[in-house]
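This report concerns only the one structure given below.
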There are 2 protein chains.
Amino acid sequence: MFLGSHTINMDAKGRMAIPTKIRESLASFCDGRIVITAHTEERCLLVYPEEQWKEILPKIESLPSFNKVARRTQRLLIGYATPLEMDGNGRILVPPTLREYANLEKKLMLVGQGKKFELWSEDSWFNWLDEADQGDDIPDEMLSLSL
Amino acid sequence: MFLGSHTINMDAKGRMAIPTKIRESLASFCDGRIVITAHTEERCLLVYPEEQWKEILPKIESLPSFNKVARRTQRLLIGYATPLEMDGNGRILVPPTLREYANLEKKLMLVGQGKKFELWSEDSWFNWLDEADQGDDIPDEMLSLSL
DNA sequence: TTCCTATAGTGGTTAAAAGTAGTAAAAAGT
DNA sequence: ACTTTTTACTACTTTTAACCACTATAGGAA
């Protein structure tokens, strides 16, 4: 279970050090093998342990190819998906195309989301925080949710 | 399984170097023999391993000839299809008509899509990314999809 | 509280490999 | 037969990735 958020510095070569505690969970979960891809709804990245990715991939593949929304989802999730491993120092190298997609420069934000992580540029994260939810509808599943 | 995206420079002669990792998968899949053709829905190209192409070709051929949409699909997919092999340096030469169809100039984007690749001009790719989904319906398969 | 040690995080260097350009030879078309 | 375009091969330059070393920070012990 991935929880909590961390700020991380990416170096000039696009390498980012995974915080040690997360590194350890990843080592036990999936031998450090992760898949990183694009988030379809916001300009940030998704970081999956290999196992988790294997579960959702078939669901994405089976979406109908002649529906525009589904095609967009497939294209982004599969098209940006990249398997990565950590180097000897526990760092991952984020591929240039993904860096560009999520506007990653130096200051990053790694956010635990249960079975996966989200990786944001710090700027984008705070911009998103400040965005007001303007009249979007609350789904039925949330109407009876009590926290 | 083809995943991930790469930016590639096409030279003045219309040659593009296939990234080494992909080159290796293609070598094992289909001896480096690929078929490249037009995508019917967007102005980009489709790159199939020969095997995959052989599977879908009969399906395209058997579409009803008196339906306009089907005819368009046939005309584009079959009409632009070109078998290609890599040269000694792992490059392919993209035929001029296909370059024109997809507006390929210098900066290209090669995007893995499972059993095939898509090849975009970088400009077109980013334009497509920025396109807002304007009121297209979300297919039923996606309504309960949790990634 | 201060110093020492251990460990996480950062940056740089080097060797190998990948990408780019150019040239020469062959083929096709005029 | 000659010219022009194409293809294949070779050589060079740039980038990548792995490895190594250093710095800074945090924690523990004296």
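Going by the structure tokens order, chains are called A, B, ..., each with residues numbered from 1, while ligands are numbered from 1 in the order shown.
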Once you count only C-alpha atoms (C1' of nucleotides), what closest atom pair and distance in Å to one decimal does each residue of chain B within 12 Å of chain C have, with rows by chain and rising residue number, as a tab-separated table?
```
residue	atom	partner	partner_atom	distance
B:Ile8	CA	C:DG19	C1'	9.7
B:Asn9	CA	C:DG19	C1'	9.3
B:Met10	CA	C:DT20	C1'	10.1
B:Asp11	CA	C:DT20	C1'	8.3
B:Ala12	CA	C:DA21	C1'	10.3
B:Lys13	CA	C:DA21	C1'	11.1
B:Arg15	CA	C:DT20	C1'	10.6
B:Met16	CA	C:DG19	C1'	9.6
B:Ala17	CA	C:DG19	C1'	7.1
B:Ile18	CA	C:DG19	C1'	9.6
B:Pro19	CA	C:DA18	C1'	8.2
B:Thr20	CA	C:DA18	C1'	7.4
B:Lys21	CA	C:DA18	C1'	10.6
B:Arg23	CA	C:DA18	C1'	11.6
B:Asn89	CA	C:DG19	C1'	9.0
B:Gly90	CA	C:DG19	C1'	9.9
B:Arg91	CA	C:DG19	C1'	9.9
```
Secondary structure check, strand (DSSP E or B) residues of chain B, as an MDAnalysis selection string: chainID B and resid 2 5:10 15:17 34:38 45:49 82:84 91:93 107:112 114 117:121
Nearest to chain D by atom-to-atom distance, counting only C-alpha atoms (C1' of nucleotides), from B:Glu100, B:Asp87, B:Glu50, B:Asp136: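 Of the candidates, the smallest distance to chain D is held by B:Asp87.
Each of B:Pro83, B:Pro95, B:Gly114, B:Gly88 was compared to D:DA8 using only C-alpha atoms (C1' of nucleotides), and B:Gly88 turns out to be the nearest.
Taking atom CA of A:Met109 and atom CA of A:Ala38 as the two end points, the separation is 14.9 Å.
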Helix (DSSP H, G or I) positions in stretch 7-110 of chain B, given as an mmCIF file with N, CA and C atoms, in the first residue's frame:
```cif
data_model
loop_
_atom_site.group_PDB
_atom_site.id
_atom_site.type_symbol
_atom_site.label_atom_id
_atom_site.label_comp_id
_atom_site.auth_asym_id
_atom_site.auth_seq_id
_atom_site.Cartn_x
_atom_site.Cartn_y
_atom_site.Cartn_z
ATOM 1 N N THR B 20 17.041 1.081 -30.826
ATOM 2 C CA THR B 20 17.650 -0.245 -30.755
ATOM 3 C C THR B 20 16.783 -1.300 -30.092
ATOM 4 N N LYS B 21 16.138 -0.947 -29.009
ATOM 5 C CA LYS B 21 15.340 -1.952 -28.303
ATOM 6 C C LYS B 21 14.205 -2.467 -29.182
ATOM 7 N N ILE B 22 13.573 -1.546 -29.882
ATOM 8 C CA ILE B 22 12.491 -1.912 -30.782
ATOM 9 C C ILE B 22 13.035 -2.747 -31.934
ATOM 10 N N ARG B 23 14.205 -2.338 -32.421
ATOM 11 C CA ARG B 23 14.857 -3.061 -33.489
ATOM 12 C C ARG B 23 15.005 -4.539 -33.121
ATOM 13 N N GLU B 24 15.394 -4.758 -31.879
ATOM 14 C CA GLU B 24 15.580 -6.139 -31.428
ATOM 15 C C GLU B 24 14.259 -6.901 -31.372
ATOM 16 N N SER B 25 13.212 -6.265 -30.846
ATOM 17 C CA SER B 25 11.921 -6.970 -30.810
ATOM 18 C C SER B 25 11.462 -7.264 -32.221
ATOM 19 N N LEU B 26 11.648 -6.329 -33.120
ATOM 20 C CA LEU B 26 11.222 -6.536 -34.503
ATOM 21 C C LEU B 26 12.024 -7.663 -35.147
ATOM 22 N N ALA B 27 13.301 -7.723 -34.840
ATOM 23 C CA ALA B 27 14.141 -8.779 -35.404
ATOM 24 C C ALA B 27 13.609 -10.152 -34.991
ATOM 25 N N SER B 28 13.224 -10.291 -33.725
ATOM 26 C CA SER B 28 12.763 -11.603 -33.265
ATOM 27 C C SER B 28 11.343 -11.899 -33.743
ATOM 28 N N PHE B 29 10.507 -10.883 -33.749
ATOM 29 C CA PHE B 29 9.108 -11.037 -34.160
ATOM 30 C C PHE B 29 8.958 -11.454 -35.606
ATOM 31 N N CYS B 30 9.647 -10.751 -36.478
ATOM 32 C CA CYS B 30 9.310 -10.846 -37.895
ATOM 33 C C CYS B 30 10.534 -10.645 -38.769
ATOM 34 N N GLU B 50 5.208 -7.964 -40.051
ATOM 35 C CA GLU B 50 4.619 -8.658 -41.192
ATOM 36 C C GLU B 50 3.516 -9.643 -40.770
ATOM 37 N N GLU B 51 3.776 -10.384 -39.695
ATOM 38 C CA GLU B 51 2.820 -11.364 -39.179
ATOM 39 C C GLU B 51 1.463 -10.727 -38.889
ATOM 40 N N GLN B 52 1.514 -9.637 -38.153
ATOM 41 C CA GLN B 52 0.295 -8.949 -37.750
ATOM 42 C C GLN B 52 -0.469 -8.455 -38.969
ATOM 43 N N TRP B 53 0.252 -7.920 -39.906
ATOM 44 C CA TRP B 53 -0.375 -7.408 -41.115
ATOM 45 C C TRP B 53 -1.099 -8.509 -41.867
ATOM 46 N N LYS B 54 -0.464 -9.666 -41.949
ATOM 47 C CA LYS B 54 -1.079 -10.806 -42.640
ATOM 48 C C LYS B 54 -2.400 -11.205 -41.993
ATOM 49 N N GLU B 55 -2.484 -10.987 -40.678
ATOM 50 C CA GLU B 55 -3.721 -11.337 -39.980
ATOM 51 C C GLU B 55 -4.861 -10.376 -40.289
ATOM 52 N N ILE B 56 -4.524 -9.092 -40.368
ATOM 53 C CA ILE B 56 -5.617 -8.131 -40.533
ATOM 54 C C ILE B 56 -5.981 -7.888 -41.992
ATOM 55 N N LEU B 57 -5.051 -8.162 -42.912
ATOM 56 C CA LEU B 57 -5.321 -7.882 -44.324
ATOM 57 C C LEU B 57 -6.586 -8.561 -44.836
ATOM 58 N N PRO B 58 -6.788 -9.862 -44.593
ATOM 59 C CA PRO B 58 -8.017 -10.511 -45.086
ATOM 60 C C PRO B 58 -9.275 -9.860 -44.518
ATOM 61 N N LYS B 59 -9.189 -9.425 -43.280
ATOM 62 C CA LYS B 59 -10.347 -8.772 -42.668
ATOM 63 C C LYS B 59 -10.693 -7.480 -43.393
ATOM 64 N N ILE B 60 -9.656 -6.740 -43.770
ATOM 65 C CA ILE B 60 -9.912 -5.487 -44.490
ATOM 66 C C ILE B 60 -10.490 -5.783 -45.870
ATOM 67 N N GLU B 61 -9.906 -6.791 -46.539
ATOM 68 C CA GLU B 61 -10.338 -7.125 -47.898
ATOM 69 C C GLU B 61 -11.789 -7.563 -47.943
ATOM 70 N N LYS B 68 -19.711 3.183 -47.802
ATOM 71 C CA LYS B 68 -18.749 4.259 -48.016
ATOM 72 C C LYS B 68 -17.605 4.226 -46.993
ATOM 73 N N VAL B 69 -17.980 4.025 -45.714
ATOM 74 C CA VAL B 69 -16.964 4.002 -44.664
ATOM 75 C C VAL B 69 -15.998 2.843 -44.883
ATOM 76 N N ALA B 70 -16.554 1.680 -45.218
ATOM 77 C CA ALA B 70 -15.727 0.498 -45.442
ATOM 78 C C ALA B 70 -14.801 0.724 -46.630
ATOM 79 N N ARG B 71 -15.322 1.358 -47.657
ATOM 80 C CA ARG B 71 -14.521 1.589 -48.855
ATOM 81 C C ARG B 71 -13.347 2.514 -48.543
ATOM 82 N N ARG B 72 -13.642 3.522 -47.739
ATOM 83 C CA ARG B 72 -12.581 4.454 -47.355
ATOM 84 C C ARG B 72 -11.482 3.714 -46.590
ATOM 85 N N THR B 73 -11.903 2.875 -45.646
ATOM 86 C CA THR B 73 -10.950 2.104 -44.842
ATOM 87 C C THR B 73 -10.072 1.231 -45.729
ATOM 88 N N GLN B 74 -10.713 0.519 -46.644
ATOM 89 C CA GLN B 74 -9.959 -0.335 -47.566
ATOM 90 C C GLN B 74 -8.961 0.459 -48.385
ATOM 91 N N ARG B 75 -9.466 1.543 -48.946
ATOM 92 C CA ARG B 75 -8.639 2.316 -49.857
ATOM 93 C C ARG B 75 -7.374 2.803 -49.168
ATOM 94 N N LEU B 76 -7.555 3.305 -47.936
ATOM 95 C CA LEU B 76 -6.410 3.858 -47.227
ATOM 96 C C LEU B 76 -5.464 2.759 -46.751
ATOM 97 N N LEU B 77 -6.015 1.787 -46.057
ATOM 98 C CA LEU B 77 -5.155 0.772 -45.445
ATOM 99 C C LEU B 77 -4.407 -0.034 -46.502
ATOM 100 N N ILE B 78 -5.125 -0.462 -47.514
ATOM 101 C CA ILE B 78 -4.470 -1.278 -48.540
ATOM 102 C C ILE B 78 -3.682 -0.400 -49.502
ATOM 103 N N GLY B 79 -4.258 0.748 -49.805
ATOM 104 C CA GLY B 79 -3.630 1.618 -50.800
ATOM 105 C C GLY B 79 -2.302 2.200 -50.372
ATOM 106 N N TYR B 80 -2.133 2.390 -49.091
ATOM 107 C CA TYR B 80 -0.878 2.972 -48.623
ATOM 108 C C TYR B 80 0.096 1.924 -48.094
ATOM 109 N N PRO B 96 7.692 8.546 -49.884
ATOM 110 C CA PRO B 96 7.217 9.927 -49.962
ATOM 111 C C PRO B 96 5.712 10.087 -49.785
ATOM 112 N N THR B 97 4.919 9.206 -50.369
ATOM 113 C CA THR B 97 3.458 9.373 -50.262
ATOM 114 C C THR B 97 2.987 9.231 -48.822
ATOM 115 N N LEU B 98 3.628 8.347 -48.088
ATOM 116 C CA LEU B 98 3.259 8.165 -46.684
ATOM 117 C C LEU B 98 3.735 9.336 -45.840
ATOM 118 N N ARG B 99 4.928 9.847 -46.207
ATOM 119 C CA ARG B 99 5.429 11.026 -45.499
ATOM 120 C C ARG B 99 4.445 12.173 -45.643
ATOM 121 N N GLU B 100 3.947 12.295 -46.852
ATOM 122 C CA GLU B 100 3.014 13.382 -47.117
ATOM 123 C C GLU B 100 1.690 13.174 -46.381
ATOM 124 N N TYR B 101 1.192 11.949 -46.404
ATOM 125 C CA TYR B 101 -0.083 11.656 -45.740
ATOM 126 C C TYR B 101 -0.058 12.066 -44.280
#
```
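For the atom pair formed by atom CA of B:Glu105 and atom CA of B:Glu131, the distance is 21.3 Å, given to one decimal.
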With a cut-off of 10 Å, could you pull out the residues of chain D touching chain B and give me the nearest pair of atoms for each, distance in Å to one decimal, using only C-alpha atoms (C1' of nucleotides), ordered by chain and ascending number, as JSON lines?
```
{"residue": "D:DT6", "atom": "C1'", "partner": "B:Lys13", "partner_atom": "CA", "distance": 9.7}
{"residue": "D:DT7", "atom": "C1'", "partner": "B:Asp87", "partner_atom": "CA", "distance": 8.9}
{"residue": "D:DA8", "atom": "C1'", "partner": "B:Gly88", "partner_atom": "CA", "distance": 7.5}
{"residue": "D:DC9", "atom": "C1'", "partner": "B:Gly88", "partner_atom": "CA", "distance": 7.9}
```
Keeping only N, CA and C atoms (P, O5', C5', C4', C3', O3' and C1' of nucleotides), write those residues as a tab-separated table (two decimals), in the first residue's frame.
```tsv
chain	number	residue	atom	x	y	z
D	6	DT	P	14.70	8.96	-55.52
D	6	DT	O5'	15.23	7.53	-55.05
D	6	DT	C5'	15.28	6.47	-56.02
D	6	DT	C4'	16.32	5.43	-55.62
D	6	DT	C3'	16.33	5.08	-54.13
D	6	DT	O3'	16.40	3.68	-54.02
D	6	DT	C1'	18.50	5.52	-54.85
D	7	DT	P	15.68	2.92	-52.81
D	7	DT	O5'	16.82	1.89	-52.36
D	7	DT	C5'	17.57	1.22	-53.37
D	7	DT	C4'	18.96	0.90	-52.86
D	7	DT	C3'	19.06	0.54	-51.38
D	7	DT	O3'	20.01	-0.51	-51.26
D	7	DT	C1'	20.61	2.17	-51.86
D	8	DA	P	19.79	-1.65	-50.18
D	8	DA	O5'	21.29	-2.14	-49.95
D	8	DA	C5'	22.23	-2.04	-51.03
D	8	DA	C4'	23.58	-1.61	-50.49
D	8	DA	C3'	23.86	-2.04	-49.05
D	8	DA	O3'	25.23	-2.39	-48.96
D	8	DA	C1'	24.18	0.24	-49.23
D	9	DC	P	25.67	-3.49	-47.89
D	9	DC	O5'	27.16	-2.99	-47.57
D	9	DC	C5'	27.92	-2.37	-48.61
D	9	DC	C4'	28.73	-1.21	-48.07
D	9	DC	C3'	29.33	-1.45	-46.68
D	9	DC	O3'	30.68	-1.08	-46.73
D	9	DC	C1'	28.29	0.64	-46.74
```
Computed interatomic separation between atom CA of A:Glu42 and atom CA of B:Asn103 (Å):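 Interatomic distance here is 27.6 Å.
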For B:Leu119: contacts at 10 Å, only C-alpha atoms (C1' of nucleotides), fewer than 5 positions along chain excluded, given as a list in words: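 Residues near the query, excluding close chain neighbours: Ser5, His6, Thr7, Ile8, Ile36, Thr37, Ala38, His39, Arg43, Cys44, Leu45, Leu46, Val47, Ala102, Leu104, Leu108, Met109, Leu110, Val111, Gly112 and Trp125 of chain B.
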Find the residues of chain B that sit at most 10 Å from chain A; for each, write down the nearest two atoms and how far apart they are in Å, to one decimal. Count only C-alpha atoms. Sort by chain, then by number going up, and give it as a Markdown table.
```
| residue | atom | partner | partner_atom | distance |
| --- | --- | --- | --- | --- |
| B:Met1 | CA | A:Ile78 | CA | 9.9 |
| B:Phe2 | CA | A:Gly79 | CA | 8.4 |
| B:Leu3 | CA | A:Ala81 | CA | 5.6 |
| B:Gly4 | CA | A:Tyr80 | CA | 4.4 |
| B:Ser5 | CA | A:Tyr80 | CA | 5.5 |
| B:His6 | CA | A:Thr97 | CA | 6.6 |
| B:Thr7 | CA | A:Thr97 | CA | 7.2 |
| B:Glu41 | CA | A:Phe66 | CA | 8.7 |
| B:Met109 | CA | A:Thr97 | CA | 9.1 |
| B:Leu110 | CA | A:Gly79 | CA | 8.8 |
| B:Val111 | CA | A:Gly79 | CA | 5.2 |
| B:Gly112 | CA | A:Gly79 | CA | 4.9 |
| B:Gln113 | CA | A:Gly79 | CA | 5.6 |
| B:Gly114 | CA | A:Ile78 | CA | 7.1 |
| B:Phe117 | CA | A:Gly79 | CA | 8.6 |
| B:Glu118 | CA | A:Gly79 | CA | 8.8 |
| B:Phe126 | CA | A:Tyr101 | CA | 9.2 |
| B:Trp128 | CA | A:Arg72 | CA | 9.4 |
| B:Leu129 | CA | A:Arg72 | CA | 8.7 |
| B:Asp133 | CA | A:Val69 | CA | 7.3 |
| B:Gln134 | CA | A:Val69 | CA | 9.8 |
| B:Gly135 | CA | A:Val69 | CA | 9.6 |
| B:Asp136 | CA | A:Val69 | CA | 6.7 |
| B:Asp137 | CA | A:Val69 | CA | 7.2 |
| B:Ile138 | CA | A:Val69 | CA | 6.1 |
| B:Pro139 | CA | A:Ala70 | CA | 7.1 |
| B:Asp140 | CA | A:Leu63 | CA | 9.6 |
| B:Glu141 | CA | A:Leu63 | CA | 6.7 |
| B:Met142 | CA | A:Ala70 | CA | 7.6 |
| B:Leu145 | CA | A:Lys59 | CA | 8.1 |
| B:Ser146 | CA | A:Ile56 | CA | 8.6 |
| B:Leu147 | CA | A:Ile56 | CA | 6.5 |
```
Write a file of the just-selected residues containing C-alpha atoms, as a PDB file, in the first residue's frame.
```pdb
ATOM      1  CA  MET B   1       4.321  -6.283 -26.987  1.00  0.00           C
ATOM      2  CA  PHE B   2       5.259  -2.816 -28.161  1.00  0.00           C
ATOM      3  CA  LEU B   3       5.147  -0.136 -25.494  1.00  0.00           C
ATOM      4  CA  GLY B   4       6.429   3.355 -24.962  1.00  0.00           C
ATOM      5  CA  SER B   5       7.159   6.333 -27.109  1.00  0.00           C
ATOM      6  CA  HIS B   6      10.275   7.699 -28.754  1.00  0.00           C
ATOM      7  CA  THR B   7      11.139  10.886 -30.570  1.00  0.00           C
ATOM      8  CA  GLU B  41      -8.848   7.978 -38.270  1.00  0.00           C
ATOM      9  CA  MET B 109       7.077  10.375 -32.642  1.00  0.00           C
ATOM     10  CA  LEU B 110       6.993   6.573 -32.638  1.00  0.00           C
ATOM     11  CA  VAL B 111       4.348   5.253 -30.261  1.00  0.00           C
ATOM     12  CA  GLY B 112       3.978   1.624 -29.194  1.00  0.00           C
ATOM     13  CA  GLN B 113       0.411   0.281 -29.378  1.00  0.00           C
ATOM     14  CA  GLY B 114       0.682  -3.329 -28.330  1.00  0.00           C
ATOM     15  CA  PHE B 117       3.247   1.109 -33.680  1.00  0.00           C
ATOM     16  CA  GLU B 118       1.895   4.449 -34.631  1.00  0.00           C
ATOM     17  CA  PHE B 126       1.004  17.335 -29.606  1.00  0.00           C
ATOM     18  CA  TRP B 128      -3.839  15.730 -30.942  1.00  0.00           C
ATOM     19  CA  LEU B 129      -2.892  15.643 -27.250  1.00  0.00           C
ATOM     20  CA  ASP B 133     -12.591  15.724 -25.901  1.00  0.00           C
ATOM     21  CA  GLN B 134     -15.599  17.720 -26.887  1.00  0.00           C
ATOM     22  CA  GLY B 135     -18.623  15.912 -25.694  1.00  0.00           C
ATOM     23  CA  ASP B 136     -17.776  12.504 -27.062  1.00  0.00           C
ATOM     24  CA  ASP B 137     -19.521   9.837 -25.053  1.00  0.00           C
ATOM     25  CA  ILE B 138     -17.626   7.607 -22.727  1.00  0.00           C
ATOM     26  CA  PRO B 139     -18.196   3.996 -23.783  1.00  0.00           C
ATOM     27  CA  ASP B 140     -19.952   1.695 -21.324  1.00  0.00           C
ATOM     28  CA  GLU B 141     -16.789  -0.347 -20.911  1.00  0.00           C
ATOM     29  CA  MET B 142     -15.086   2.672 -19.373  1.00  0.00           C
ATOM     30  CA  LEU B 145     -13.109   1.270 -15.150  1.00  0.00           C
ATOM     31  CA  SER B 146     -10.749   1.867 -12.273  1.00  0.00           C
ATOM     32  CA  LEU B 147      -7.055   2.165 -13.085  1.00  0.00           C
TER      33      LEU B 147
END
```
